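Have a look at final.pdb below; it lists PDB, C-alpha atoms, pLDDT in the B column.
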```
MODEL        1
ATOM      1  CA  MET A  28       1.648 -81.118  20.229  1.00 45.00           C
ATOM      2  CA  THR A  29       0.825 -78.076  18.107  1.00 48.00           C
ATOM      3  CA  ILE A  30      -1.230 -75.283  19.626  1.00 48.00           C
ATOM      4  CA  ASP A  31      -3.502 -73.517  17.131  1.00 62.00           C
ATOM      5  CA  LEU A  32      -3.547 -69.944  18.421  1.00 77.00           C
ATOM      6  CA  PRO A  33      -3.739 -66.532  16.745  1.00 81.00           C
ATOM      7  CA  PHE A  34      -0.258 -65.515  17.933  1.00 92.00           C
ATOM      8  CA  ASN A  35       1.930 -63.992  15.249  1.00 92.00           C
ATOM      9  CA  LEU A  36       4.861 -66.339  14.613  1.00 91.00           C
ATOM     10  CA  LYS A  37       6.028 -64.555  11.468  1.00 92.00           C
ATOM     11  CA  VAL A  38       8.240 -62.290  13.585  1.00 95.00           C
ATOM     12  CA  VAL A  39       9.849 -65.296  15.318  1.00 97.00           C
ATOM     13  CA  ASP A  40      13.214 -66.583  14.148  1.00 98.00           C
ATOM     14  CA  SER A  41      12.762 -70.167  12.930  1.00 97.00           C
ATOM     15  CA  SER A  42      15.195 -71.457  15.565  1.00 98.00           C
ATOM     16  CA  TRP A  43      12.540 -70.765  18.226  1.00 98.00           C
ATOM     17  CA  THR A  44       9.406 -72.079  16.552  1.00 95.00           C
ATOM     18  CA  LYS A  45       9.349 -75.644  17.866  1.00 96.00           C
ATOM     19  CA  TYR A  46      10.352 -74.500  21.355  1.00 97.00           C
ATOM     20  CA  LEU A  47       7.573 -71.916  21.492  1.00 96.00           C
ATOM     21  CA  GLN A  48       5.040 -74.524  20.421  1.00 93.00           C
ATOM     22  CA  LYS A  49       6.387 -76.982  22.995  1.00 95.00           C
ATOM     23  CA  SER A  50       6.251 -74.323  25.718  1.00 96.00           C
ATOM     24  CA  LEU A  51       2.715 -73.248  24.836  1.00 95.00           C
ATOM     25  CA  ALA A  52       1.664 -76.892  25.116  1.00 94.00           C
ATOM     26  CA  LYS A  53       2.621 -76.774  28.808  1.00 96.00           C
ATOM     27  CA  MET A  54       0.045 -74.073  29.518  1.00 96.00           C
ATOM     28  CA  ASP A  55      -3.568 -74.352  30.617  1.00 95.00           C
ATOM     29  CA  PRO A  56      -5.617 -74.684  27.382  1.00 93.00           C
ATOM     30  CA  SER A  57      -8.585 -72.881  28.922  1.00 93.00           C
ATOM     31  CA  TYR A  58      -6.407 -69.868  29.729  1.00 94.00           C
ATOM     32  CA  LEU A  59      -5.039 -69.789  26.165  1.00 94.00           C
ATOM     33  CA  LYS A  60      -8.563 -70.125  24.785  1.00 91.00           C
ATOM     34  CA  GLN A  61      -9.621 -67.112  26.870  1.00 90.00           C
ATOM     35  CA  LEU A  62      -6.706 -65.077  25.478  1.00 91.00           C
ATOM     36  CA  ALA A  63      -7.572 -66.084  21.935  1.00 90.00           C
ATOM     37  CA  ALA A  64     -11.152 -64.886  22.426  1.00 89.00           C
ATOM     38  CA  SER A  65     -10.183 -61.508  23.912  1.00 90.00           C
ATOM     39  CA  SER A  66      -8.651 -58.324  22.538  1.00 89.00           C
ATOM     40  CA  HIS A  67      -8.312 -56.715  25.966  1.00 91.00           C
ATOM     41  CA  TRP A  68      -4.722 -57.643  26.747  1.00 95.00           C
ATOM     42  CA  LEU A  69      -1.280 -56.306  25.952  1.00 96.00           C
ATOM     43  CA  PRO A  70       0.886 -56.425  23.933  1.00 97.00           C
ATOM     44  CA  GLY A  71      -1.639 -58.351  21.818  1.00 95.00           C
ATOM     45  CA  PRO A  72      -1.322 -61.470  19.622  1.00 95.00           C
ATOM     46  CA  ASP A  73       0.625 -59.692  16.869  1.00 95.00           C
ATOM     47  CA  LYS A  74       3.430 -58.554  19.186  1.00 97.00           C
ATOM     48  CA  ILE A  75       3.621 -61.009  22.073  1.00 97.00           C
ATOM     49  CA  PHE A  76       6.537 -62.968  20.580  1.00 97.00           C
ATOM     50  CA  ASN A  77       8.471 -60.085  18.995  1.00 98.00           C
ATOM     51  CA  ALA A  78      11.473 -60.639  21.298  1.00 98.00           C
ATOM     52  CA  PHE A  79      12.090 -64.001  19.654  1.00 98.00           C
ATOM     53  CA  SER A  80      13.255 -62.295  16.472  1.00 97.00           C
ATOM     54  CA  LEU A  81      16.712 -62.822  18.001  1.00 98.00           C
ATOM     55  CA  PRO A  82      18.019 -66.237  16.857  1.00 98.00           C
ATOM     56  CA  LEU A  83      18.399 -68.721  19.679  1.00 98.00           C
ATOM     57  CA  ASN A  84      22.113 -69.240  18.994  1.00 98.00           C
ATOM     58  CA  LYS A  85      22.718 -65.479  19.323  1.00 98.00           C
ATOM     59  CA  VAL A  86      21.359 -65.223  22.878  1.00 98.00           C
ATOM     60  CA  ASN A  87      24.049 -64.147  25.337  1.00 98.00           C
ATOM     61  CA  TYR A  88      21.828 -62.615  28.021  1.00 98.00           C
ATOM     62  CA  VAL A  89      18.240 -62.998  29.148  1.00 98.00           C
ATOM     63  CA  LEU A  90      16.975 -59.753  30.635  1.00 98.00           C
ATOM     64  CA  PHE A  91      13.700 -60.116  32.501  1.00 96.00           C
ATOM     65  CA  GLY A  92      11.393 -57.234  33.243  1.00 94.00           C
ATOM     66  CA  GLU A  93       8.031 -57.498  34.964  1.00 92.00           C
ATOM     67  CA  SER A  94       5.130 -57.092  32.519  1.00 92.00           C
ATOM     68  CA  PRO A  95       4.197 -55.224  29.330  1.00 94.00           C
ATOM     69  CA  TYR A  96       3.696 -51.470  29.425  1.00 94.00           C
ATOM     70  CA  PRO A  97       0.056 -50.667  30.296  1.00 93.00           C
ATOM     71  CA  ARG A  98      -0.418 -48.624  27.107  1.00 93.00           C
ATOM     72  CA  ARG A  99      -1.132 -50.130  23.703  1.00 95.00           C
ATOM     73  CA  GLU A 100       1.163 -47.665  21.916  1.00 96.00           C
ATOM     74  CA  SER A 101       4.049 -48.594  24.242  1.00 96.00           C
ATOM     75  CA  ALA A 102       3.770 -52.386  24.643  1.00 96.00           C
ATOM     76  CA  ASN A 103       5.585 -54.180  21.827  1.00 97.00           C
ATOM     77  CA  GLY A 104       6.639 -57.591  23.179  1.00 97.00           C
ATOM     78  CA  TYR A 105      10.111 -56.522  24.326  1.00 98.00           C
ATOM     79  CA  ALA A 106      10.897 -55.864  27.985  1.00 97.00           C
ATOM     80  CA  PHE A 107      11.551 -52.163  28.712  1.00 97.00           C
ATOM     81  CA  TRP A 108      11.251 -51.077  25.075  1.00 97.00           C
ATOM     82  CA  ASP A 109       8.620 -48.338  25.044  1.00 97.00           C
ATOM     83  CA  ALA A 110       7.476 -48.273  21.419  1.00 97.00           C
ATOM     84  CA  SER A 111       5.878 -44.846  21.815  1.00 97.00           C
ATOM     85  CA  VAL A 112       9.268 -43.205  22.430  1.00 98.00           C
ATOM     86  CA  LYS A 113      11.243 -42.198  19.341  1.00 98.00           C
ATOM     87  CA  GLU A 114      13.892 -39.517  19.930  1.00 98.00           C
ATOM     88  CA  LEU A 115      16.056 -39.929  23.038  1.00 98.00           C
ATOM     89  CA  TRP A 116      17.571 -36.457  23.321  1.00 98.00           C
ATOM     90  CA  SER A 117      16.529 -32.829  23.164  1.00 98.00           C
ATOM     91  CA  PRO A 118      18.444 -29.535  23.459  1.00 97.00           C
ATOM     92  CA  THR A 119      17.511 -29.507  27.155  1.00 97.00           C
ATOM     93  CA  GLY A 120      18.764 -33.050  27.856  1.00 98.00           C
ATOM     94  CA  LEU A 121      16.489 -36.079  27.572  1.00 98.00           C
ATOM     95  CA  SER A 122      13.493 -35.786  25.270  1.00 98.00           C
ATOM     96  CA  LYS A 123      10.086 -35.012  26.740  1.00 97.00           C
ATOM     97  CA  LYS A 124       8.801 -38.552  26.080  1.00 97.00           C
ATOM     98  CA  VAL A 125      11.846 -40.127  27.721  1.00 98.00           C
ATOM     99  CA  ASN A 126      11.394 -37.909  30.765  1.00 95.00           C
ATOM    100  CA  ARG A 127       7.824 -39.154  31.103  1.00 94.00           C
ATOM    101  CA  ALA A 128       8.884 -42.829  30.834  1.00 94.00           C
ATOM    102  CA  THR A 129      10.349 -43.444  34.290  1.00 95.00           C
ATOM    103  CA  SER A 130      12.028 -46.805  33.661  1.00 96.00           C
ATOM    104  CA  LEU A 131      13.520 -45.778  30.322  1.00 97.00           C
ATOM    105  CA  ARG A 132      14.690 -42.474  31.784  1.00 98.00           C
ATOM    106  CA  ASN A 133      16.545 -44.251  34.576  1.00 98.00           C
ATOM    107  CA  ILE A 134      17.996 -46.852  32.196  1.00 98.00           C
ATOM    108  CA  LEU A 135      19.390 -44.059  30.021  1.00 98.00           C
ATOM    109  CA  LYS A 136      20.844 -42.228  33.009  1.00 98.00           C
ATOM    110  CA  MET A 137      22.435 -45.463  34.239  1.00 98.00           C
ATOM    111  CA  LEU A 138      23.969 -46.057  30.802  1.00 98.00           C
ATOM    112  CA  LEU A 139      25.294 -42.487  30.707  1.00 98.00           C
ATOM    113  CA  VAL A 140      26.931 -43.052  34.097  1.00 98.00           C
ATOM    114  CA  ALA A 141      28.314 -46.417  32.951  1.00 98.00           C
ATOM    115  CA  GLU A 142      29.730 -44.738  29.835  1.00 98.00           C
ATOM    116  CA  GLY A 143      31.489 -42.152  32.021  1.00 98.00           C
ATOM    117  CA  LEU A 144      29.575 -39.281  30.441  1.00 98.00           C
ATOM    118  CA  ILE A 145      27.923 -38.075  33.643  1.00 98.00           C
ATOM    119  CA  ASN A 146      28.471 -38.515  37.363  1.00 98.00           C
ATOM    120  CA  GLU A 147      25.997 -40.680  39.272  1.00 97.00           C
ATOM    121  CA  ASN A 148      25.331 -37.730  41.592  1.00 96.00           C
ATOM    122  CA  LEU A 149      24.686 -35.282  38.733  1.00 97.00           C
ATOM    123  CA  THR A 150      22.079 -36.792  36.425  1.00 98.00           C
ATOM    124  CA  GLY A 151      19.770 -33.823  35.822  1.00 97.00           C
ATOM    125  CA  GLN A 152      18.668 -32.333  32.522  1.00 98.00           C
ATOM    126  CA  GLU A 153      21.227 -29.533  32.609  1.00 98.00           C
ATOM    127  CA  THR A 154      24.102 -32.009  32.945  1.00 98.00           C
ATOM    128  CA  ILE A 155      22.762 -34.278  30.181  1.00 98.00           C
ATOM    129  CA  ALA A 156      22.244 -31.283  27.856  1.00 98.00           C
ATOM    130  CA  LYS A 157      25.993 -30.554  27.925  1.00 98.00           C
ATOM    131  CA  ILE A 158      26.983 -34.018  26.633  1.00 98.00           C
ATOM    132  CA  ASN A 159      28.277 -34.302  23.068  1.00 96.00           C
ATOM    133  CA  LYS A 160      25.879 -36.894  21.662  1.00 97.00           C
ATOM    134  CA  HIS A 161      27.152 -37.151  18.075  1.00 95.00           C
ATOM    135  CA  SER A 162      28.574 -40.643  18.634  1.00 96.00           C
ATOM    136  CA  LEU A 163      25.546 -41.848  20.608  1.00 98.00           C
ATOM    137  CA  VAL A 164      22.373 -43.564  19.455  1.00 98.00           C
ATOM    138  CA  GLN A 165      19.675 -41.009  18.747  1.00 98.00           C
ATOM    139  CA  THR A 166      16.469 -43.036  18.877  1.00 98.00           C
ATOM    140  CA  ASN A 167      14.897 -45.674  21.080  1.00 98.00           C
ATOM    141  CA  ASP A 168      14.898 -48.128  18.153  1.00 97.00           C
ATOM    142  CA  GLU A 169      18.667 -47.690  17.817  1.00 98.00           C
ATOM    143  CA  LEU A 170      19.200 -48.178  21.551  1.00 98.00           C
ATOM    144  CA  PHE A 171      17.242 -51.414  21.742  1.00 98.00           C
ATOM    145  CA  THR A 172      18.743 -52.655  18.496  1.00 97.00           C
ATOM    146  CA  ASN A 173      22.081 -52.335  20.296  1.00 98.00           C
ATOM    147  CA  PHE A 174      20.702 -54.480  23.121  1.00 98.00           C
ATOM    148  CA  ILE A 175      19.596 -57.119  20.624  1.00 98.00           C
ATOM    149  CA  GLN A 176      22.853 -57.061  18.669  1.00 97.00           C
ATOM    150  CA  HIS A 177      24.684 -57.750  21.917  1.00 98.00           C
ATOM    151  CA  GLY A 178      22.510 -60.831  22.351  1.00 98.00           C
ATOM    152  CA  PHE A 179      19.885 -59.639  24.842  1.00 98.00           C
ATOM    153  CA  LEU A 180      16.661 -61.618  24.855  1.00 98.00           C
ATOM    154  CA  LEU A 181      14.287 -59.027  26.328  1.00 98.00           C
ATOM    155  CA  LEU A 182      11.498 -60.883  28.115  1.00 97.00           C
ATOM    156  CA  ASN A 183       8.859 -60.039  30.676  1.00 95.00           C
ATOM    157  CA  ALA A 184       8.198 -62.414  33.569  1.00 93.00           C
ATOM    158  CA  THR A 185       4.511 -61.888  32.762  1.00 93.00           C
ATOM    159  CA  PRO A 186       4.238 -61.721  28.936  1.00 95.00           C
ATOM    160  CA  VAL A 187       0.569 -60.709  29.064  1.00 96.00           C
ATOM    161  CA  LEU A 188      -1.004 -57.750  30.849  1.00 95.00           C
ATOM    162  CA  GLN A 189      -4.737 -57.729  31.535  1.00 92.00           C
ATOM    163  CA  SER A 190      -6.501 -55.227  33.717  1.00 76.00           C
ATOM    164  CA  ASP A 191      -8.144 -57.570  36.177  1.00 66.00           C
ATOM    165  CA  LYS A 192      -5.826 -60.321  37.515  1.00 70.00           C
ATOM    166  CA  PRO A 193      -2.100 -59.715  36.868  1.00 74.00           C
ATOM    167  CA  GLN A 194      -1.010 -62.482  39.268  1.00 80.00           C
ATOM    168  CA  ARG A 195      -3.226 -64.946  37.429  1.00 86.00           C
ATOM    169  CA  ASP A 196      -1.410 -64.106  34.210  1.00 91.00           C
ATOM    170  CA  ALA A 197       1.991 -64.498  35.876  1.00 89.00           C
ATOM    171  CA  ASN A 198       1.045 -67.922  37.251  1.00 91.00           C
ATOM    172  CA  ALA A 199      -0.409 -69.012  33.911  1.00 94.00           C
ATOM    173  CA  TRP A 200       2.818 -68.259  32.059  1.00 96.00           C
ATOM    174  CA  TYR A 201       5.261 -69.897  34.493  1.00 95.00           C
ATOM    175  CA  PRO A 202       5.018 -73.344  32.797  1.00 97.00           C
ATOM    176  CA  PHE A 203       5.683 -71.704  29.430  1.00 97.00           C
ATOM    177  CA  ILE A 204       8.707 -69.778  30.699  1.00 97.00           C
ATOM    178  CA  LYS A 205      10.160 -72.787  32.518  1.00 97.00           C
ATOM    179  CA  GLU A 206       9.916 -75.007  29.442  1.00 98.00           C
ATOM    180  CA  LEU A 207      11.324 -72.269  27.232  1.00 98.00           C
ATOM    181  CA  LEU A 208      14.281 -71.565  29.520  1.00 98.00           C
ATOM    182  CA  ASP A 209      15.008 -75.287  29.881  1.00 97.00           C
ATOM    183  CA  SER A 210      15.190 -75.547  26.082  1.00 97.00           C
ATOM    184  CA  LEU A 211      17.332 -72.426  25.803  1.00 98.00           C
ATOM    185  CA  LEU A 212      19.781 -73.534  28.501  1.00 98.00           C
ATOM    186  CA  GLN A 213      20.294 -76.879  26.811  1.00 96.00           C
ATOM    187  CA  LYS A 214      21.558 -74.962  23.779  1.00 97.00           C
ATOM    188  CA  ARG A 215      23.115 -71.935  25.510  1.00 97.00           C
ATOM    189  CA  PRO A 216      24.225 -72.975  29.038  1.00 97.00           C
ATOM    190  CA  GLN A 217      26.679 -70.071  29.297  1.00 97.00           C
ATOM    191  CA  ILE A 218      24.125 -67.250  29.101  1.00 97.00           C
ATOM    192  CA  LYS A 219      23.713 -64.698  31.886  1.00 98.00           C
ATOM    193  CA  PHE A 220      20.388 -63.740  33.468  1.00 98.00           C
ATOM    194  CA  ILE A 221      19.549 -60.167  34.468  1.00 98.00           C
ATOM    195  CA  LEU A 222      16.469 -60.076  36.708  1.00 97.00           C
ATOM    196  CA  LEU A 223      15.113 -56.572  37.270  1.00 96.00           C
ATOM    197  CA  GLY A 224      12.355 -56.072  39.807  1.00 93.00           C
ATOM    198  CA  ARG A 225      10.450 -58.144  42.336  1.00 90.00           C
ATOM    199  CA  ILE A 226       8.289 -59.976  39.793  1.00 86.00           C
ATOM    200  CA  ALA A 227      11.304 -60.773  37.607  1.00 89.00           C
ATOM    201  CA  HIS A 228      13.068 -62.232  40.645  1.00 91.00           C
ATOM    202  CA  THR A 229      10.342 -64.888  40.841  1.00 90.00           C
ATOM    203  CA  ILE A 230      11.792 -66.404  37.660  1.00 92.00           C
ATOM    204  CA  ASP A 231      14.697 -67.597  39.805  1.00 92.00           C
ATOM    205  CA  HIS A 232      12.823 -70.624  41.117  1.00 92.00           C
ATOM    206  CA  LEU A 233      12.310 -71.834  37.534  1.00 94.00           C
ATOM    207  CA  ILE A 234      16.055 -72.029  36.863  1.00 94.00           C
ATOM    208  CA  ASN A 235      17.513 -72.824  40.286  1.00 90.00           C
ATOM    209  CA  ASN A 236      18.607 -76.284  39.147  1.00 90.00           C
ATOM    210  CA  TYR A 237      21.225 -74.690  36.901  1.00 93.00           C
ATOM    211  CA  LYS A 238      24.533 -73.132  37.822  1.00 93.00           C
ATOM    212  CA  LEU A 239      24.045 -69.760  36.174  1.00 95.00           C
ATOM    213  CA  ASP A 240      25.529 -66.310  36.242  1.00 96.00           C
ATOM    214  CA  LYS A 241      22.751 -64.023  37.483  1.00 96.00           C
ATOM    215  CA  LEU A 242      22.430 -60.333  38.211  1.00 97.00           C
ATOM    216  CA  TYR A 243      19.638 -59.313  40.569  1.00 97.00           C
ATOM    217  CA  ALA A 244      18.665 -55.653  40.774  1.00 97.00           C
ATOM    218  CA  GLU A 245      15.769 -53.391  41.567  1.00 97.00           C
ATOM    219  CA  HIS A 246      13.328 -52.398  38.839  1.00 96.00           C
ATOM    220  CA  PRO A 247      14.558 -49.381  36.833  1.00 97.00           C
ATOM    221  CA  TYR A 248      11.644 -47.243  37.999  1.00 96.00           C
ATOM    222  CA  ASN A 249      13.617 -46.955  41.255  1.00 98.00           C
ATOM    223  CA  LEU A 250      16.109 -44.062  41.319  1.00 98.00           C
ATOM    224  CA  SER A 251      18.640 -46.309  43.032  1.00 98.00           C
ATOM    225  CA  PHE A 252      18.957 -48.276  39.783  1.00 98.00           C
ATOM    226  CA  ILE A 253      20.983 -45.401  38.263  1.00 98.00           C
ATOM    227  CA  SER A 254      23.803 -45.786  40.779  1.00 98.00           C
ATOM    228  CA  ASN A 255      23.579 -49.534  41.477  1.00 98.00           C
ATOM    229  CA  GLN A 256      27.244 -50.552  41.319  1.00 98.00           C
ATOM    230  CA  LYS A 257      26.549 -54.129  40.229  1.00 98.00           C
ATOM    231  CA  VAL A 258      24.380 -52.865  37.382  1.00 98.00           C
ATOM    232  CA  LEU A 259      26.971 -50.270  36.329  1.00 98.00           C
ATOM    233  CA  ALA A 260      29.774 -52.844  36.383  1.00 98.00           C
ATOM    234  CA  PHE A 261      27.768 -55.175  34.170  1.00 98.00           C
ATOM    235  CA  PHE A 262      26.741 -52.593  31.567  1.00 98.00           C
ATOM    236  CA  ARG A 263      29.956 -50.536  31.488  1.00 98.00           C
ATOM    237  CA  PRO A 264      31.910 -52.719  29.009  1.00 98.00           C
ATOM    238  CA  LEU A 265      28.939 -53.109  26.634  1.00 98.00           C
ATOM    239  CA  HIS A 266      28.791 -49.451  25.478  1.00 98.00           C
ATOM    240  CA  LEU A 267      25.118 -49.756  24.570  1.00 98.00           C
ATOM    241  CA  LEU A 268      24.774 -46.018  23.947  1.00 98.00           C
ATOM    242  CA  ARG A 269      27.394 -46.012  21.211  1.00 97.00           C
ATOM    243  CA  VAL A 270      26.411 -46.209  17.553  1.00 94.00           C
ATOM    244  CA  ILE A 271      27.065 -49.642  16.084  1.00 81.00           C
ATOM    245  CA  GLU A 272      27.808 -49.700  12.361  1.00 69.00           C
ATOM    246  CA  ASN A 273      26.080 -52.891  11.330  1.00 56.00           C
ATOM    247  CA  ARG A 274      23.851 -53.610   8.358  1.00 44.00           C
ATOM    248  CA  HIS A 275      21.911 -56.229  10.274  1.00 48.00           C
ATOM    249  CA  GLY A 276      21.046 -53.604  12.870  1.00 47.00           C
ATOM    250  CA  GLN A 277      19.762 -51.240  10.203  1.00 49.00           C
ATOM    251  CA  ALA A 278      17.735 -54.072   8.704  1.00 40.00           C
ATOM    252  CA  PHE A 279      16.281 -54.808  12.133  1.00 49.00           C
ATOM    253  CA  ILE A 280      15.221 -51.195  12.622  1.00 46.00           C
ATOM    254  CA  SER A 281      13.552 -51.242   9.198  1.00 42.00           C
ATOM    255  CA  GLN A 282      11.751 -54.466  10.124  1.00 46.00           C
ATOM    256  CA  ARG A 283      10.517 -52.948  13.409  1.00 49.00           C
ATOM    257  CA  GLU A 284       9.205 -49.885  11.560  1.00 46.00           C
ATOM    258  CA  SER A 285       7.221 -52.111   9.240  1.00 38.00           C
ATOM    259  CA  ILE A 286       5.542 -54.161  11.976  1.00 43.00           C
TER     260      ILE A 286
ENDMDL
END
```
Take the structure in the file and give it back as structure tokens.
Amino acid sequence: MTIDLPFNLKVVDSSWTKYLQKSLAKMDPSYLKQLAASSHWLPGPDKIFNAFSLPLNKVNYVLFGESPYPRRESANGYAFWDASVKELWSPTGLSKKVNRATSLRNILKMLLVAEGLINENLTGQETIAKINKHSLVQTNDELFTNFIQHGFLLLNATPVLQSDKPQRDANAWYPFIKELLDSLLQKRPQIKFILLGRIAHTIDHLINNYKLDKLYAEHPYNLSFISNQKVLAFFRPLHLLRVIENRHGQAFISQRESI
């Protein structure tokens, strides 16, 4: 069954197309009709499926956040990627925009600790300012391109954010997510799930019939995320802050800038 909706599928890798259509067919048609008739939701029909630019056979991890950022300039269809943030660093440490983005700020501090560049007990601006950052990614686009090149599918447990009934949106999308994950796990049974935050943890009941490697942790807006030893152990060998010389990555950044 094909669902005729105004969602932008041009950004989706072709390996996902039939699975997205199949998953959408599991949803309540009246709910989808309401979305199609409204412009008051984030990230919007042009960006909702951006995360599926990663080919299905390249997925190594599924990282679940909670819901899109509540700002149109920030929500872009990828979990935790704040599209309004450009530069990561400043002479005083983290850039002003990073410092205002609590989750991103704590993710960066966690990655700095995992990289061995700062101590988990000394994560302030003065400490970060002293780091030699020449070999590190400089922008948010570069950071999240690193995530994607490592095979992270960056999803939100609730792909849509409306102002009135967030739990209604979460419930409406569960059939979609279950069908999608079932399809993905048939092709990629070895992938690892990273579930960050209370709402993301609710995804667990959709995949509890599989024997999967899962990492549960608090949402990154909690300070404890920076020093969570399970989180640090997982991210330490990935070196996500390091510059990756890869033409595909540069092409991806160019594509993101054109969207």
### Task
I would like the residues chosen by the PyMOL selection byres ((chain A and resi 76) around 10) on the shown file; could you give them as a list in words?
Phe34, Asn35, Leu36, Lys37, Val38, Val39, Asp40, Leu47, Pro70, Gly71, Pro72, Asp73, Lys74, Ile75, Asn77, Ala78, Phe79, Ser80, Asn103, Gly104, Tyr105, Leu182 and Pro186 of chain A
### Task
List the residues selected by the PyMOL selection byres ((chain A and resi 135-142) around 7) in the file shown, writing them as a VMD selection string.
chain A and resid 131 to 134 143 to 147 150 253 to 254 259 262 to 263 266 268
### Query
Between A:Leu170, A:Leu83, A:Ala102, A:Val164, which is the closest to Asn183 of chain A once you count all atoms listed in the file?
A:Ala102
### Task
Excluding segment 89-99 of chain A and any residue of its chain fewer than 6 positions from it, enumerate the residues within 7 Å of it, using only C-alpha atoms, and give them as a ChimeraX atom specification.
/A:69-70,106-107,179-188,219-224,226-227
### Message
Given only C-alpha atoms as the basis, pick out the residue of A:Arg269, A:Pro264, A:Ser101, A:Ile234 nearest to Leu163 of chain A.
### Response
A:Arg269
### Query
In Å, how far is it from atom CA of Leu242 of chain A to atom CA of Gln217 of chain A?
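Value for the atom CA of Leu242 of chain A-atom CA of Gln217 of chain A distance: 13.9 Å.
For Ile218 of chain A, the residues within 10 Å (counting all atoms listed in the file, excluding itself and residues fewer than 4 positions away along the chain) are Val86, Asn87, Tyr88, Val89, Gly178, Phe179, Leu211, Leu212, Lys214, Leu239, Asp240 and Lys241 of chain A.
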### Separation of atom CA of Ser42 of chain A from atom CA of Asp168 of chain A in Å
23.5 Å
With a distance cut-off of 12 Å and only C-alpha atoms, select the neighbouring residues of Asn236 of chain A, excluding the residue or stretch itself and same-chain residues fewer than 5 positions from it, and output the selection as a PDB file with C-alpha atoms, in the coordinates of the input.
```pdb
ATOM      1  CA  LYS A 205      10.160 -72.787  32.518  1.00 97.00           C
ATOM      2  CA  LEU A 208      14.281 -71.565  29.520  1.00 98.00           C
ATOM      3  CA  ASP A 209      15.008 -75.287  29.881  1.00 97.00           C
ATOM      4  CA  LEU A 212      19.781 -73.534  28.501  1.00 98.00           C
ATOM      5  CA  ASP A 231      14.697 -67.597  39.805  1.00 92.00           C
TER       6      ASP A 231
END
```
### For atom CA of Ala244 of chain A and atom CA of Trp68 of chain A, the interatomic separation in Å (one decimal)
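Going from atom CA of Ala244 of chain A over to atom CA of Trp68 of chain A, I get 27.3 Å.
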Apply the PyMOL selection byres ((chain A and resi 198) around 12) to the file shown and report the selected residues as a PDB file with C-alpha atoms, in the coordinates of the input.
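out-v2.pdb was written with the following content:
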```
ATOM      1  CA  MET A  54       0.045 -74.073  29.518  1.00 96.00           C
ATOM      2  CA  ASP A  55      -3.568 -74.352  30.617  1.00 95.00           C
ATOM      3  CA  TYR A  58      -6.407 -69.868  29.729  1.00 94.00           C
ATOM      4  CA  ALA A 184       8.198 -62.414  33.569  1.00 93.00           C
ATOM      5  CA  THR A 185       4.511 -61.888  32.762  1.00 93.00           C
ATOM      6  CA  PRO A 186       4.238 -61.721  28.936  1.00 95.00           C
ATOM      7  CA  VAL A 187       0.569 -60.709  29.064  1.00 96.00           C
ATOM      8  CA  LYS A 192      -5.826 -60.321  37.515  1.00 70.00           C
ATOM      9  CA  PRO A 193      -2.100 -59.715  36.868  1.00 74.00           C
ATOM     10  CA  GLN A 194      -1.010 -62.482  39.268  1.00 80.00           C
ATOM     11  CA  ARG A 195      -3.226 -64.946  37.429  1.00 86.00           C
ATOM     12  CA  ASP A 196      -1.410 -64.106  34.210  1.00 91.00           C
ATOM     13  CA  ALA A 197       1.991 -64.498  35.876  1.00 89.00           C
ATOM     14  CA  ALA A 199      -0.409 -69.012  33.911  1.00 94.00           C
ATOM     15  CA  TRP A 200       2.818 -68.259  32.059  1.00 96.00           C
ATOM     16  CA  TYR A 201       5.261 -69.897  34.493  1.00 95.00           C
ATOM     17  CA  PRO A 202       5.018 -73.344  32.797  1.00 97.00           C
ATOM     18  CA  PHE A 203       5.683 -71.704  29.430  1.00 97.00           C
ATOM     19  CA  ILE A 204       8.707 -69.778  30.699  1.00 97.00           C
ATOM     20  CA  LYS A 205      10.160 -72.787  32.518  1.00 97.00           C
ATOM     21  CA  ILE A 226       8.289 -59.976  39.793  1.00 86.00           C
ATOM     22  CA  THR A 229      10.342 -64.888  40.841  1.00 90.00           C
ATOM     23  CA  ILE A 230      11.792 -66.404  37.660  1.00 92.00           C
ATOM     24  CA  LEU A 233      12.310 -71.834  37.534  1.00 94.00           C
TER      25      LEU A 233
END
```
### Message
Applying 12 Å and only C-alpha atoms, which residues near Ser122 of chain A remain after dropping the ones on its own chain fewer than 6 positions away? List them as a ChimeraX atom specification.
### Response
/A:112-116,128,131-132,135,152,155-156,165-167
### Query
If we count all atoms listed in the file, what is near Ile271 of chain A at a cut-off of 9 Å, once residues fewer than 3 positions away on the same chain are taken out, given as a PyMOL selection string?
chain A and resi 164+169+173+176+267-268+276
### Query
So, counting all atoms listed in the file, which residue among A:Tyr237, A:Lys123, A:Trp108, A:Thr44 is closest to Arg215 of chain A?
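Closest to Arg215 of chain A, using all atoms listed in the file: A:Tyr237.
Among the candidates A:Leu121, A:Ala52, A:Val258, A:Ala63, the residue lying nearest to Glu153 of chain A is A:Leu121 (atoms considered: all atoms listed in the file).
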### Message
Counting only C-alpha atoms, which residue out of A:Asn235, A:Leu265, A:Asn148, A:Lys53 sits closest to Ile175 of chain A?
### Response
A:Leu265
